[in-house]
Amino acid sequence: RVARKKLHEYEGWPKGIYPMSDGWVPPAYPGEEELIAYEEKMNSRRKAILVKRHVCVKNVAFDDLSQQDLLNKAEFSMYCMPIMEGPYSGEGDDRTWYLIVYYEVAKRGKVERAFKALDSDITDVEQVP
């Protein structure tokens, strides 16, 4: 016999004040069957193993790299931070952006080609797991 979890222990259970001390929950809250189905669905999804690269690019390249269609086509995502004006960053087109680029290992070639097309070769930048 399978040990049953308490409702609030299921992955899909909404966090909050329910169930009440007497076990009552609103009728609109998911039932045990729904929670089990949700948990099985989440566990059956393919897990993506991502790697990242730390890159600095100028504003012109950043404007092109941050276009949603390019991100979708090359299959990567980025965490972007502008570097404050100073010895390493200027104004306007001279502004430097620090990017953390995330992608799946199998998509490495697509990502490198996308950067190379914008005159930002990242083939020598270390790929970090």
# chains A, B, ... in the order shown; residues from 1 in each chain; ligands from 1

call {"tool": "closest_atom_pairs", "arguments": {"of": "segment 32-72 of chain A", "to": "segment 93-96 of chain A", "cutoff": "9 Å", "atoms": "only C-alpha atoms", "output": "tab-separated table"}}
result
residue	atom	partner	partner_atom	distance
A:Cys56	CA	A:Thr96	CA	6.5
A:Val57	CA	A:Thr96	CA	5.6
A:Lys58	CA	A:Thr96	CA	4.5
A:Asn59	CA	A:Asp93	CA	5.0
A:Val60	CA	A:Asp93	CA	5.8
A:Phe62	CA	A:Thr96	CA	8.6

call {"tool": "select_by_dssp", "arguments": {"residues": "chain A", "states": "strand (DSSP E or B)", "output": "ChimeraX atom specification"}}
result
/A:50-58,77-82,86,89,96-104,128

call {"tool": "write_last_selection", "arguments": {"atoms": "C-alpha atoms", "output": "PDB file, in the first residue's frame"}}
result
ATOM      1  CA  LEU A  50      22.021  24.492 -18.591  1.00  0.00           C
ATOM      2  CA  VAL A  51      25.503  25.918 -18.846  1.00  0.00           C
ATOM      3  CA  LYS A  52      26.499  29.562 -18.733  1.00  0.00           C
ATOM      4  CA  ARG A  53      29.100  31.963 -20.017  1.00  0.00           C
ATOM      5  CA  HIS A  54      30.076  35.340 -18.594  1.00  0.00           C
ATOM      6  CA  VAL A  55      30.455  37.869 -21.419  1.00  0.00           C
ATOM      7  CA  CYS A  56      30.893  41.632 -21.819  1.00  0.00           C
ATOM      8  CA  VAL A  57      29.524  43.332 -24.954  1.00  0.00           C
ATOM      9  CA  LYS A  58      29.071  46.907 -26.159  1.00  0.00           C
ATOM     10  CA  SER A  77      18.608  33.412 -22.380  1.00  0.00           C
ATOM     11  CA  MET A  78      20.600  36.121 -20.643  1.00  0.00           C
ATOM     12  CA  TYR A  79      20.870  37.932 -17.351  1.00  0.00           C
ATOM     13  CA  CYS A  80      22.024  41.467 -18.271  1.00  0.00           C
ATOM     14  CA  MET A  81      23.624  44.187 -16.159  1.00  0.00           C
ATOM     15  CA  PRO A  82      24.932  47.525 -17.436  1.00  0.00           C
ATOM     16  CA  GLY A  86      33.923  54.774 -15.872  1.00  0.00           C
ATOM     17  CA  SER A  89      32.134  51.602 -19.804  1.00  0.00           C
ATOM     18  CA  THR A  96      29.376  47.998 -21.783  1.00  0.00           C
ATOM     19  CA  TRP A  97      26.975  45.277 -20.687  1.00  0.00           C
ATOM     20  CA  TYR A  98      27.871  42.306 -18.489  1.00  0.00           C
ATOM     21  CA  LEU A  99      25.880  39.265 -19.638  1.00  0.00           C
ATOM     22  CA  ILE A 100      25.432  35.832 -18.159  1.00  0.00           C
ATOM     23  CA  VAL A 101      24.303  33.695 -21.088  1.00  0.00           C
ATOM     24  CA  TYR A 102      22.396  30.467 -20.298  1.00  0.00           C
ATOM     25  CA  TYR A 103      21.806  27.647 -22.797  1.00  0.00           C
ATOM     26  CA  GLU A 104      21.729  23.874 -23.173  1.00  0.00           C
ATOM     27  CA  VAL A 128      30.621  26.971 -16.845  1.00  0.00           C
TER      28      VAL A 128
END

call {"tool": "closest_residue", "arguments": {"among": "A:Ile49, A:Met84, A:Met42, A:Val111", "to": "Asn72 of chain A", "atoms": "only C-alpha atoms"}}
result
A:Val111

call {"tool": "select_by_dssp", "arguments": {"residues": "chain A", "states": "helix (DSSP H, G or I)", "output": "ChimeraX atom specification"}}
result
/A:7-9,32-44,59-65,68-74,92-94,105-117

call {"tool": "write_last_selection", "arguments": {"atoms": "N, CA and C atoms", "output": "CSV table (one decimal), in the first residue's frame"}}
result
chain,number,residue,atom,x,y,z
A,7,LEU,N,-2.3,16.7,2.4
A,7,LEU,CA,-2.6,17.6,1.2
A,7,LEU,C,-1.5,18.7,1.1
A,8,HIS,N,-1.1,19.3,2.2
A,8,HIS,CA,-0.2,20.5,2.1
A,8,HIS,C,1.2,20.0,1.7
A,9,GLU,N,1.5,18.7,1.7
A,9,GLU,CA,2.8,18.2,1.3
A,9,GLU,C,3.0,18.1,-0.2
A,32,GLU,N,-7.0,15.6,-4.0
A,32,GLU,CA,-5.8,14.8,-3.9
A,32,GLU,C,-5.5,14.2,-5.3
A,33,GLU,N,-6.5,13.8,-6.1
A,33,GLU,CA,-6.2,13.2,-7.4
A,33,GLU,C,-5.6,14.3,-8.3
A,34,GLU,N,-6.1,15.5,-8.2
A,34,GLU,CA,-5.5,16.6,-9.1
A,34,GLU,C,-4.1,16.9,-8.7
A,35,LEU,N,-3.8,16.8,-7.4
A,35,LEU,CA,-2.4,17.1,-6.9
A,35,LEU,C,-1.5,16.0,-7.3
A,36,ILE,N,-2.0,14.7,-7.3
A,36,ILE,CA,-1.1,13.6,-7.7
A,36,ILE,C,-0.8,13.7,-9.2
A,37,ALA,N,-1.9,14.1,-10.0
A,37,ALA,CA,-1.7,14.2,-11.5
A,37,ALA,C,-0.7,15.3,-11.8
A,38,TYR,N,-0.8,16.5,-11.0
A,38,TYR,CA,0.1,17.6,-11.2
A,38,TYR,C,1.5,17.2,-10.9
A,39,GLU,N,1.7,16.5,-9.8
A,39,GLU,CA,3.0,16.1,-9.4
A,39,GLU,C,3.7,15.1,-10.4
A,40,GLU,N,2.9,14.2,-10.9
A,40,GLU,CA,3.4,13.3,-11.9
A,40,GLU,C,3.7,14.0,-13.2
A,41,LYS,N,2.9,15.0,-13.6
A,41,LYS,CA,3.2,15.8,-14.8
A,41,LYS,C,4.5,16.5,-14.6
A,42,MET,N,4.7,17.1,-13.5
A,42,MET,CA,5.9,17.9,-13.2
A,42,MET,C,7.2,17.0,-13.2
A,43,ASN,N,7.0,15.8,-12.7
A,43,ASN,CA,8.1,14.8,-12.6
A,43,ASN,C,8.4,14.2,-13.9
A,44,SER,N,7.5,14.2,-14.9
A,44,SER,CA,7.7,13.6,-16.2
A,44,SER,C,8.3,14.6,-17.2
A,59,ASN,N,27.1,48.3,-26.3
A,59,ASN,CA,25.7,48.5,-26.4
A,59,ASN,C,25.0,48.2,-27.7
A,60,VAL,N,25.8,48.4,-28.8
A,60,VAL,CA,25.3,48.0,-30.1
A,60,VAL,C,25.0,46.6,-30.2
A,61,ALA,N,25.9,45.7,-29.8
A,61,ALA,CA,25.7,44.3,-29.8
A,61,ALA,C,24.6,43.9,-28.9
A,62,PHE,N,24.5,44.5,-27.7
A,62,PHE,CA,23.5,44.2,-26.7
A,62,PHE,C,22.1,44.5,-27.3
A,63,ASP,N,21.9,45.6,-28.0
A,63,ASP,CA,20.6,45.9,-28.5
A,63,ASP,C,20.2,44.8,-29.5
A,64,ASP,N,21.1,44.2,-30.3
A,64,ASP,CA,20.7,43.1,-31.2
A,64,ASP,C,20.5,41.8,-30.4
A,65,LEU,N,21.4,41.5,-29.5
A,65,LEU,CA,21.3,40.3,-28.7
A,65,LEU,C,20.0,40.2,-27.9
A,68,GLN,N,13.9,39.6,-28.8
A,68,GLN,CA,13.3,38.3,-28.5
A,68,GLN,C,13.4,37.3,-29.6
A,69,ASP,N,13.3,37.7,-30.8
A,69,ASP,CA,13.3,36.7,-31.9
A,69,ASP,C,14.7,36.1,-32.0
A,70,LEU,N,15.8,36.8,-31.8
A,70,LEU,CA,17.1,36.2,-31.8
A,70,LEU,C,17.3,35.2,-30.6
A,71,LEU,N,16.8,35.6,-29.4
A,71,LEU,CA,16.8,34.7,-28.3
A,71,LEU,C,16.1,33.4,-28.6
A,72,ASN,N,14.9,33.5,-29.2
A,72,ASN,CA,14.2,32.3,-29.5
A,72,ASN,C,14.8,31.5,-30.6
A,73,LYS,N,15.4,32.1,-31.6
A,73,LYS,CA,16.0,31.4,-32.7
A,73,LYS,C,17.3,30.7,-32.3
A,74,ALA,N,18.1,31.4,-31.5
A,74,ALA,CA,19.4,30.8,-31.0
A,74,ALA,C,19.2,30.0,-29.8
A,92,GLY,N,26.3,56.0,-24.3
A,92,GLY,CA,25.7,55.6,-25.6
A,92,GLY,C,26.2,54.3,-26.1
A,93,ASP,N,26.7,54.3,-27.3
A,93,ASP,CA,27.2,53.1,-27.9
A,93,ASP,C,28.4,52.5,-27.3
A,94,ASP,N,29.1,53.3,-26.5
A,94,ASP,CA,30.3,52.8,-25.7
A,94,ASP,C,30.0,52.2,-24.4
A,105,VAL,N,23.8,22.5,-23.4
A,105,VAL,CA,25.0,22.2,-24.0
A,105,VAL,C,24.9,21.9,-25.5
A,106,ALA,N,23.8,21.2,-25.9
A,106,ALA,CA,23.6,20.9,-27.3
A,106,ALA,C,23.4,22.1,-28.2
A,107,LYS,N,23.0,23.2,-27.6
A,107,LYS,CA,22.8,24.4,-28.4
A,107,LYS,C,24.0,25.3,-28.5
A,108,ARG,N,25.1,24.9,-28.1
A,108,ARG,CA,26.4,25.7,-28.1
A,108,ARG,C,26.7,26.3,-29.4
A,109,GLY,N,26.6,25.6,-30.5
A,109,GLY,CA,26.9,26.1,-31.8
A,109,GLY,C,26.0,27.2,-32.2
A,110,LYS,N,24.7,27.1,-32.0
A,110,LYS,CA,23.7,28.1,-32.3
A,110,LYS,C,24.1,29.4,-31.6
A,111,VAL,N,24.4,29.3,-30.3
A,111,VAL,CA,24.7,30.5,-29.5
A,111,VAL,C,26.0,31.2,-30.0
A,112,GLU,N,27.0,30.4,-30.2
A,112,GLU,CA,28.2,30.9,-30.7
A,112,GLU,C,28.1,31.6,-32.0
A,113,ARG,N,27.3,31.0,-33.0
A,113,ARG,CA,27.0,31.7,-34.3
A,113,ARG,C,26.2,33.0,-34.1
A,114,ALA,N,25.3,33.0,-33.2
A,114,ALA,CA,24.5,34.2,-33.0
A,114,ALA,C,25.4,35.4,-32.5
A,115,PHE,N,26.3,35.1,-31.6
A,115,PHE,CA,27.3,36.1,-31.1
A,115,PHE,C,28.2,36.5,-32.2
A,116,LYS,N,28.7,35.5,-32.9
A,116,LYS,CA,29.7,35.8,-34.0
A,116,LYS,C,29.1,36.7,-35.1
A,117,ALA,N,27.8,36.5,-35.4
A,117,ALA,CA,27.2,37.3,-36.4
A,117,ALA,C,27.1,38.7,-36.0
